[in-house]
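J.: Sending over start-v3.cif (mmCIF, N, CA and C atoms).
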```cif
data_upload
#
loop_
_atom_site.label_atom_id
_atom_site.label_comp_id
_atom_site.auth_asym_id
_atom_site.auth_seq_id
_atom_site.Cartn_x
_atom_site.Cartn_y
_atom_site.Cartn_z
N MET A 1440 -14.57 12.67 -8.33
CA MET A 1440 -13.23 12.29 -7.96
C MET A 1440 -12.95 10.83 -8.31
N ILE A 1441 -13.92 9.97 -8.09
CA ILE A 1441 -13.73 8.56 -8.40
C ILE A 1441 -13.48 8.39 -9.89
N ASN A 1442 -14.14 9.18 -10.71
CA ASN A 1442 -13.97 9.12 -12.15
C ASN A 1442 -12.54 9.46 -12.56
N ILE A 1443 -11.86 10.33 -11.80
CA ILE A 1443 -10.48 10.71 -12.11
C ILE A 1443 -9.59 9.48 -12.07
N PHE A 1444 -9.74 8.65 -11.06
CA PHE A 1444 -8.88 7.49 -10.93
C PHE A 1444 -9.09 6.50 -12.06
N SER A 1445 -10.33 6.25 -12.44
CA SER A 1445 -10.59 5.27 -13.48
C SER A 1445 -10.16 5.79 -14.85
N ARG A 1446 -10.15 7.09 -15.04
CA ARG A 1446 -9.75 7.64 -16.34
C ARG A 1446 -8.24 7.80 -16.45
N TYR A 1447 -7.57 8.02 -15.34
CA TYR A 1447 -6.13 8.26 -15.37
C TYR A 1447 -5.41 7.19 -14.55
N LYS A 1448 -5.17 6.08 -15.18
CA LYS A 1448 -4.55 4.95 -14.49
C LYS A 1448 -3.11 5.24 -14.09
N PHE A 1449 -2.53 6.27 -14.67
CA PHE A 1449 -1.15 6.59 -14.32
C PHE A 1449 -1.04 7.01 -12.85
N ILE A 1450 -2.14 7.48 -12.24
CA ILE A 1450 -2.11 7.82 -10.81
C ILE A 1450 -1.81 6.56 -10.00
N PHE A 1451 -2.46 5.46 -10.35
CA PHE A 1451 -2.19 4.20 -9.65
C PHE A 1451 -0.77 3.72 -9.95
N TYR A 1452 -0.37 3.79 -11.20
CA TYR A 1452 0.97 3.31 -11.56
C TYR A 1452 2.05 4.18 -10.93
N LEU A 1453 1.83 5.47 -10.84
CA LEU A 1453 2.79 6.36 -10.21
C LEU A 1453 2.87 6.08 -8.71
N SER A 1454 1.73 5.90 -8.07
CA SER A 1454 1.74 5.58 -6.64
C SER A 1454 2.38 4.21 -6.40
N ASN A 1455 2.19 3.29 -7.32
CA ASN A 1455 2.84 1.98 -7.24
C ASN A 1455 4.35 2.14 -7.29
N PHE A 1456 4.83 2.94 -8.23
CA PHE A 1456 6.27 3.18 -8.37
C PHE A 1456 6.84 3.84 -7.11
N VAL A 1457 6.15 4.86 -6.60
CA VAL A 1457 6.62 5.57 -5.41
C VAL A 1457 6.67 4.63 -4.21
N LEU A 1458 5.64 3.82 -4.02
CA LEU A 1458 5.61 2.88 -2.90
C LEU A 1458 6.77 1.89 -2.99
N ILE A 1459 6.97 1.32 -4.15
CA ILE A 1459 8.06 0.34 -4.32
C ILE A 1459 9.42 1.01 -4.12
N PHE A 1460 9.57 2.22 -4.66
CA PHE A 1460 10.84 2.94 -4.49
C PHE A 1460 11.13 3.20 -3.01
N LEU A 1461 10.14 3.68 -2.27
CA LEU A 1461 10.34 3.96 -0.85
C LEU A 1461 10.61 2.68 -0.06
N TYR A 1462 9.98 1.60 -0.46
CA TYR A 1462 10.18 0.32 0.23
C TYR A 1462 11.57 -0.26 -0.02
N LEU A 1463 12.07 -0.11 -1.24
CA LEU A 1463 13.34 -0.74 -1.60
C LEU A 1463 14.55 0.15 -1.37
N PHE A 1464 14.33 1.39 -0.98
CA PHE A 1464 15.44 2.31 -0.71
C PHE A 1464 16.17 1.85 0.55
N PRO A 1465 17.50 1.75 0.48
CA PRO A 1465 18.25 1.34 1.69
C PRO A 1465 18.19 2.42 2.76
N GLY A 1466 17.48 2.17 3.79
CA GLY A 1466 17.27 3.17 4.83
C GLY A 1466 15.98 3.91 4.57
N SER A 1467 15.82 5.02 5.23
CA SER A 1467 14.59 5.80 5.10
C SER A 1467 14.89 7.08 4.34
N ILE A 1468 14.39 7.19 3.12
CA ILE A 1468 14.59 8.41 2.35
C ILE A 1468 13.84 9.58 2.99
N LEU A 1469 12.68 9.29 3.59
CA LEU A 1469 11.94 10.34 4.29
C LEU A 1469 12.69 10.78 5.54
N GLY A 1470 13.31 9.85 6.24
CA GLY A 1470 14.13 10.18 7.40
C GLY A 1470 15.33 11.02 7.01
N HIS A 1471 15.88 10.76 5.83
CA HIS A 1471 17.01 11.54 5.35
C HIS A 1471 16.60 13.00 5.13
N PHE A 1472 15.46 13.22 4.52
CA PHE A 1472 15.01 14.59 4.24
C PHE A 1472 14.52 15.31 5.49
N LEU A 1473 13.84 14.59 6.39
CA LEU A 1473 13.27 15.24 7.57
C LEU A 1473 14.26 15.38 8.73
N TYR A 1474 15.07 14.33 8.95
CA TYR A 1474 15.95 14.31 10.11
C TYR A 1474 17.43 14.27 9.76
N ASN A 1475 17.75 14.21 8.49
CA ASN A 1475 19.12 14.07 8.00
C ASN A 1475 19.76 12.78 8.55
N ASP A 1476 18.94 11.73 8.68
CA ASP A 1476 19.39 10.44 9.20
C ASP A 1476 18.59 9.34 8.51
N VAL A 1477 19.26 8.52 7.70
CA VAL A 1477 18.54 7.46 6.97
C VAL A 1477 18.11 6.32 7.88
N LYS A 1478 18.64 6.28 9.11
CA LYS A 1478 18.26 5.21 10.02
C LYS A 1478 17.00 5.55 10.82
N LYS A 1479 16.57 6.80 10.77
CA LYS A 1479 15.40 7.23 11.55
C LYS A 1479 14.19 7.31 10.64
N GLN A 1480 13.14 6.62 11.03
CA GLN A 1480 11.90 6.57 10.25
C GLN A 1480 10.88 7.54 10.85
N PRO A 1481 10.32 8.45 10.05
CA PRO A 1481 9.28 9.33 10.60
C PRO A 1481 8.04 8.51 10.98
N GLN A 1482 7.42 8.89 12.08
CA GLN A 1482 6.28 8.15 12.58
C GLN A 1482 5.04 9.04 12.54
N ILE A 1483 3.99 8.63 11.82
CA ILE A 1483 2.77 9.42 11.71
C ILE A 1483 2.00 9.37 13.03
N THR A 1484 1.72 8.17 13.50
CA THR A 1484 1.08 7.96 14.79
C THR A 1484 1.82 6.82 15.49
N PRO A 1485 1.69 6.72 16.81
CA PRO A 1485 2.38 5.63 17.52
C PRO A 1485 1.90 4.25 17.06
N ASP A 1486 2.83 3.31 17.03
CA ASP A 1486 2.48 1.93 16.68
C ASP A 1486 1.80 1.26 17.86
N PHE A 1487 0.87 0.37 17.51
CA PHE A 1487 0.25 -0.46 18.53
C PHE A 1487 0.73 -1.89 18.27
N ILE A 1488 -0.12 -2.76 17.86
CA ILE A 1488 0.30 -4.12 17.53
C ILE A 1488 0.90 -4.16 16.13
N ILE A 1489 0.39 -3.30 15.26
CA ILE A 1489 0.87 -3.25 13.88
C ILE A 1489 1.54 -1.91 13.61
N SER A 1490 2.27 -1.84 12.51
CA SER A 1490 2.92 -0.60 12.11
C SER A 1490 1.88 0.31 11.45
N THR A 1491 1.64 1.46 12.07
CA THR A 1491 0.63 2.35 11.53
C THR A 1491 1.07 3.01 10.23
N ASN A 1492 2.38 3.29 10.08
CA ASN A 1492 2.86 3.86 8.82
C ASN A 1492 2.54 2.93 7.65
N HIS A 1493 2.78 1.64 7.83
CA HIS A 1493 2.51 0.67 6.77
C HIS A 1493 1.00 0.53 6.54
N LEU A 1494 0.23 0.58 7.60
CA LEU A 1494 -1.22 0.51 7.47
C LEU A 1494 -1.73 1.68 6.63
N TYR A 1495 -1.29 2.89 6.94
CA TYR A 1495 -1.74 4.06 6.19
C TYR A 1495 -1.29 4.01 4.73
N ALA A 1496 -0.05 3.60 4.51
CA ALA A 1496 0.46 3.54 3.13
C ALA A 1496 -0.35 2.58 2.29
N PHE A 1497 -0.63 1.39 2.82
CA PHE A 1497 -1.38 0.41 2.03
C PHE A 1497 -2.87 0.71 1.99
N LEU A 1498 -3.41 1.43 2.97
CA LEU A 1498 -4.79 1.88 2.88
C LEU A 1498 -4.95 2.82 1.68
N VAL A 1499 -4.07 3.80 1.59
CA VAL A 1499 -4.16 4.78 0.50
C VAL A 1499 -3.88 4.12 -0.84
N PHE A 1500 -2.82 3.32 -0.90
CA PHE A 1500 -2.45 2.66 -2.16
C PHE A 1500 -3.55 1.72 -2.64
N SER A 1501 -4.12 0.95 -1.73
CA SER A 1501 -5.20 0.02 -2.10
C SER A 1501 -6.45 0.77 -2.52
N ALA A 1502 -6.77 1.86 -1.83
CA ALA A 1502 -7.95 2.64 -2.19
C ALA A 1502 -7.80 3.21 -3.60
N VAL A 1503 -6.63 3.73 -3.92
CA VAL A 1503 -6.40 4.24 -5.28
C VAL A 1503 -6.54 3.11 -6.30
N GLY A 1504 -6.02 1.94 -5.97
CA GLY A 1504 -6.13 0.80 -6.88
C GLY A 1504 -7.56 0.37 -7.12
N PHE A 1505 -8.35 0.28 -6.07
CA PHE A 1505 -9.73 -0.17 -6.23
C PHE A 1505 -10.63 0.90 -6.84
N LEU A 1506 -10.26 2.17 -6.70
CA LEU A 1506 -10.99 3.22 -7.40
C LEU A 1506 -10.62 3.26 -8.88
N THR A 1507 -9.43 2.79 -9.20
CA THR A 1507 -8.96 2.80 -10.58
C THR A 1507 -9.54 1.64 -11.38
N PHE A 1508 -9.49 0.45 -10.81
CA PHE A 1508 -9.92 -0.76 -11.51
C PHE A 1508 -11.22 -1.24 -10.89
N LYS A 1509 -12.31 -1.17 -11.63
CA LYS A 1509 -13.63 -1.44 -11.07
C LYS A 1509 -14.26 -2.75 -11.52
N LYS A 1510 -13.83 -3.31 -12.63
CA LYS A 1510 -14.46 -4.54 -13.12
C LYS A 1510 -14.13 -5.70 -12.19
N LEU A 1511 -14.99 -6.71 -12.17
CA LEU A 1511 -14.83 -7.83 -11.25
C LEU A 1511 -13.53 -8.59 -11.51
N THR A 1512 -13.18 -8.82 -12.77
CA THR A 1512 -11.93 -9.53 -13.06
C THR A 1512 -10.73 -8.70 -12.62
N GLN A 1513 -10.81 -7.39 -12.80
CA GLN A 1513 -9.73 -6.51 -12.34
C GLN A 1513 -9.67 -6.50 -10.82
N PHE A 1514 -10.82 -6.54 -10.17
CA PHE A 1514 -10.90 -6.55 -8.71
C PHE A 1514 -10.16 -7.76 -8.14
N LYS A 1515 -10.39 -8.92 -8.75
CA LYS A 1515 -9.74 -10.15 -8.27
C LYS A 1515 -8.23 -10.09 -8.50
N LYS A 1516 -7.82 -9.64 -9.67
CA LYS A 1516 -6.38 -9.55 -9.97
C LYS A 1516 -5.70 -8.53 -9.07
N LEU A 1517 -6.35 -7.40 -8.85
CA LEU A 1517 -5.78 -6.36 -8.00
C LEU A 1517 -5.67 -6.84 -6.55
N THR A 1518 -6.65 -7.59 -6.08
CA THR A 1518 -6.59 -8.14 -4.73
C THR A 1518 -5.38 -9.05 -4.57
N ILE A 1519 -5.20 -9.95 -5.51
CA ILE A 1519 -4.05 -10.86 -5.46
C ILE A 1519 -2.75 -10.08 -5.54
N TYR A 1520 -2.70 -9.10 -6.44
CA TYR A 1520 -1.50 -8.28 -6.60
C TYR A 1520 -1.15 -7.55 -5.31
N LEU A 1521 -2.13 -6.91 -4.68
CA LEU A 1521 -1.86 -6.13 -3.48
C LEU A 1521 -1.40 -7.01 -2.31
N VAL A 1522 -2.01 -8.17 -2.17
CA VAL A 1522 -1.60 -9.07 -1.09
C VAL A 1522 -0.17 -9.57 -1.32
N PHE A 1523 0.12 -10.01 -2.53
CA PHE A 1523 1.48 -10.48 -2.81
C PHE A 1523 2.50 -9.35 -2.74
N LEU A 1524 2.14 -8.17 -3.20
CA LEU A 1524 3.06 -7.04 -3.13
C LEU A 1524 3.40 -6.70 -1.69
N SER A 1525 2.40 -6.70 -0.82
CA SER A 1525 2.66 -6.37 0.58
C SER A 1525 3.57 -7.41 1.23
N ILE A 1526 3.42 -8.66 0.87
CA ILE A 1526 4.27 -9.71 1.43
C ILE A 1526 5.67 -9.64 0.85
N ILE A 1527 5.78 -9.55 -0.47
CA ILE A 1527 7.08 -9.56 -1.13
C ILE A 1527 7.92 -8.34 -0.74
N LEU A 1528 7.30 -7.17 -0.68
CA LEU A 1528 8.06 -5.98 -0.30
C LEU A 1528 8.61 -6.08 1.11
N GLU A 1529 7.86 -6.66 2.01
CA GLU A 1529 8.37 -6.79 3.37
C GLU A 1529 9.47 -7.84 3.44
N ILE A 1530 9.36 -8.92 2.66
CA ILE A 1530 10.40 -9.94 2.64
C ILE A 1530 11.71 -9.38 2.08
N THR A 1531 11.62 -8.45 1.12
CA THR A 1531 12.85 -7.86 0.56
C THR A 1531 13.64 -7.10 1.61
N HIS A 1532 13.01 -6.71 2.70
CA HIS A 1532 13.74 -6.01 3.76
C HIS A 1532 14.77 -6.90 4.44
N LEU A 1533 14.67 -8.20 4.24
CA LEU A 1533 15.69 -9.11 4.77
C LEU A 1533 17.03 -8.91 4.06
N PHE A 1534 16.99 -8.41 2.83
CA PHE A 1534 18.20 -8.33 2.01
C PHE A 1534 18.70 -6.90 1.78
N ILE A 1535 17.93 -5.91 2.14
CA ILE A 1535 18.29 -4.52 1.87
C ILE A 1535 19.00 -3.94 3.10
N PRO A 1536 20.16 -3.30 2.89
CA PRO A 1536 20.87 -2.70 4.03
C PRO A 1536 20.03 -1.61 4.70
N GLU A 1537 20.19 -1.48 6.00
CA GLU A 1537 19.49 -0.49 6.81
C GLU A 1537 17.98 -0.72 6.89
N ARG A 1538 17.52 -1.87 6.44
CA ARG A 1538 16.10 -2.22 6.53
C ARG A 1538 15.99 -3.55 7.27
N GLY A 1539 14.84 -3.82 7.84
CA GLY A 1539 14.66 -5.06 8.56
C GLY A 1539 13.24 -5.58 8.42
N PHE A 1540 13.12 -6.88 8.32
CA PHE A 1540 11.81 -7.53 8.25
C PHE A 1540 11.18 -7.49 9.63
N GLU A 1541 9.93 -7.05 9.69
CA GLU A 1541 9.19 -7.05 10.95
C GLU A 1541 7.77 -7.53 10.68
N PHE A 1542 7.30 -8.42 11.53
CA PHE A 1542 5.94 -8.93 11.37
C PHE A 1542 4.91 -7.83 11.56
N SER A 1543 5.20 -6.86 12.43
CA SER A 1543 4.23 -5.76 12.62
C SER A 1543 4.07 -4.95 11.34
N ASP A 1544 5.15 -4.78 10.57
CA ASP A 1544 5.05 -4.08 9.28
C ASP A 1544 4.24 -4.91 8.28
N LEU A 1545 4.51 -6.21 8.25
CA LEU A 1545 3.79 -7.09 7.33
C LEU A 1545 2.30 -7.10 7.65
N PHE A 1546 1.96 -7.19 8.92
CA PHE A 1546 0.54 -7.20 9.31
C PHE A 1546 -0.10 -5.84 9.02
N GLY A 1547 0.65 -4.75 9.18
CA GLY A 1547 0.14 -3.42 8.82
C GLY A 1547 -0.18 -3.34 7.34
N ASN A 1548 0.71 -3.90 6.50
CA ASN A 1548 0.47 -3.93 5.05
C ASN A 1548 -0.81 -4.71 4.74
N LEU A 1549 -0.88 -5.91 5.27
CA LEU A 1549 -2.00 -6.79 4.96
C LEU A 1549 -3.32 -6.26 5.49
N ILE A 1550 -3.33 -5.70 6.69
CA ILE A 1550 -4.57 -5.16 7.25
C ILE A 1550 -5.03 -3.95 6.44
N GLY A 1551 -4.10 -3.13 5.97
CA GLY A 1551 -4.46 -2.00 5.11
C GLY A 1551 -5.14 -2.46 3.84
N VAL A 1552 -4.62 -3.52 3.24
CA VAL A 1552 -5.23 -4.07 2.02
C VAL A 1552 -6.59 -4.68 2.33
N VAL A 1553 -6.68 -5.45 3.40
CA VAL A 1553 -7.93 -6.14 3.75
C VAL A 1553 -9.05 -5.15 4.07
N ILE A 1554 -8.73 -4.07 4.76
CA ILE A 1554 -9.75 -3.07 5.08
C ILE A 1554 -10.36 -2.50 3.80
N ILE A 1555 -9.53 -2.17 2.83
CA ILE A 1555 -10.04 -1.60 1.57
C ILE A 1555 -10.78 -2.66 0.77
N ILE A 1556 -10.35 -3.92 0.82
CA ILE A 1556 -11.07 -4.99 0.12
C ILE A 1556 -12.48 -5.12 0.70
N ILE A 1557 -12.60 -5.09 2.01
CA ILE A 1557 -13.91 -5.21 2.65
C ILE A 1557 -14.79 -4.02 2.29
N ILE A 1558 -14.24 -2.82 2.36
CA ILE A 1558 -15.02 -1.63 2.01
C ILE A 1558 -15.45 -1.69 0.55
N SER A 1559 -14.54 -2.07 -0.34
CA SER A 1559 -14.87 -2.16 -1.77
C SER A 1559 -15.93 -3.22 -2.02
N PHE A 1560 -15.84 -4.34 -1.31
CA PHE A 1560 -16.82 -5.41 -1.46
C PHE A 1560 -18.22 -4.90 -1.12
N PHE A 1561 -18.35 -4.21 0.00
CA PHE A 1561 -19.66 -3.70 0.41
C PHE A 1561 -20.16 -2.61 -0.52
N LEU A 1562 -19.26 -1.78 -1.02
CA LEU A 1562 -19.68 -0.75 -1.97
C LEU A 1562 -20.16 -1.36 -3.27
N LYS A 1563 -19.47 -2.39 -3.76
CA LYS A 1563 -19.88 -3.07 -5.00
C LYS A 1563 -21.20 -3.81 -4.78
N LYS A 1564 -21.38 -4.38 -3.61
CA LYS A 1564 -22.62 -5.10 -3.31
C LYS A 1564 -23.81 -4.14 -3.29
N ASN A 1565 -23.63 -2.95 -2.74
CA ASN A 1565 -24.71 -1.96 -2.67
C ASN A 1565 -24.93 -1.23 -3.98
N GLU A 1566 -23.98 -1.29 -4.90
CA GLU A 1566 -24.15 -0.68 -6.23
C GLU A 1566 -25.26 -1.37 -7.02
N LYS A 1567 -25.45 -2.65 -6.78
CA LYS A 1567 -26.44 -3.42 -7.54
C LYS A 1567 -27.85 -2.99 -7.21
N TYR A 1568 -28.06 -2.46 -6.02
CA TYR A 1568 -29.42 -2.09 -5.61
C TYR A 1568 -29.70 -0.72 -6.05
#
```
What would the structure in this file look like if it were written as structure tokens?
T.:
Amino acid sequence: MINIFSRYKFIFYLSNFVLIFLYLFPGSILGHFLYNDVKKQPQITPDFIISTNHLYAFLVFSAVGFLTFKKLTQFKKLTIYLVFLSIILEITHLFIPERGFEFSDLFGNLIGVVIIIIISFFLKKNEKY
């Protein structure tokens, strides 16, 4: 399965496009399809200190990215890209109608990326042995 991601980079690029589209859509496109209300956001699990929806989205997106790009130089670039993407996408919510900037969403994005960075770091470290 890991080989699929590294051979077909379009999976990462497609997931990148879908994530950005869902983030920049005015309102909730998923809420529109599920509840017929763009103001209502579907909730996977209850939020605690951070937004769990954002945590799950960036966990999956980051995992696909790190499974796709394995070289050390790509690892560094992808890390920077994912951190900046999570920050920039949340900041754009200040300007998009029916969306709002929330620190809990931003922290959910960043924690999702950081968890996968840590896991990838330990996996790469153990690959050498």
J.: Can you pull out every residue from chain A that DSSP, working from the backbone, puts in alpha helix (DSSP H), and format the result as a VMD selection string?
T.: chain A and resid 1441 to 1446 1449 to 1463 1468 to 1474 1491 to 1507 1511 to 1530 1542 to 1566
J.: For Arg1446 of chain A, which residue among A:Ile1519, A:His1532, A:Leu1506, A:Asp1476 is the nearest when counting only N, CA and C atoms?
T.: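 Of A:Ile1519, A:His1532, A:Leu1506, A:Asp1476, the one nearest Arg1446 of chain A, counting only N, CA and C atoms, is A:Leu1506.
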J.: Fewer than 2 positions away in the same chain doesn't count, so skip those; otherwise give me all residues within 12 Å of Leu1528 of chain A, counting only C-alpha atoms, as an MDAnalysis selection string.
T.: chainID A and resid 1455 1458:1464 1493 1497 1520:1526 1530:1535 1538:1541 1544:1545 1548:1549
J.: Please build the interface table for segment 1497-1560 of chain A against segment 1479-1489 of chain A with a cut-off of 6 Å, listing for each qualifying residue the nearest atom pair and the distance in Å to one decimal; count only N, CA and C atoms, order rows by chain and increasing number, and write it as JSON lines.
T.:
```
{"residue": "A:Ser1543", "atom": "CA", "partner": "A:Ile1489", "partner_atom": "CA", "distance": 4.4}
{"residue": "A:Asp1544", "atom": "N", "partner": "A:Ile1489", "partner_atom": "C", "distance": 5.5}
{"residue": "A:Phe1546", "atom": "C", "partner": "A:Ile1489", "partner_atom": "CA", "distance": 5.6}
{"residue": "A:Gly1547", "atom": "N", "partner": "A:Ile1489", "partner_atom": "CA", "distance": 4.9}
```
J.: Mind giving me the straight-line distance from atom CA of Lys1563 of chain A to atom CA of Phe1508 of chain A in Å, one decimal?
T.: 12.1 Å
J.: What's the separation between atom C of Ile1450 of chain A and atom C of Glu1537 of chain A, in Å to one decimal place?
T.: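 Computed distance, atom C of Ile1450 of chain A to atom C of Glu1537 of chain A, equals 27.0 Å.
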J.: Can you work out the spacing between atom N of Ser1501 of chain A and atom N of Ile1555 of chain A in Å, to one decimal?
T.: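 Result for atom N of Ser1501 of chain A versus atom N of Ile1555 of chain A: 7.7 Å, one decimal.
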J.: Output the residue selection produced by the PyMOL selection byres (((chain A and resi 1559 and name CA) around 12) and name CA) on the file above, formatted as a ChimeraX atom specification.
T.: /A:1498,1501-1511,1514-1515,1517-1518,1552-1558,1560-1566
J.: Could you give me the axis-aligned bounding box of segment 1503-1519 of chain A, with 6 Å of padding per side, as centre plus edge lengths in Å to one decimal, as lines of an AutoDock Vina configuration file?
T.:
```
center_x = -8.9
center_y = -3.3
center_z = -8.5
size_x = 24.2
size_y = 27.1
size_z = 21.2
```
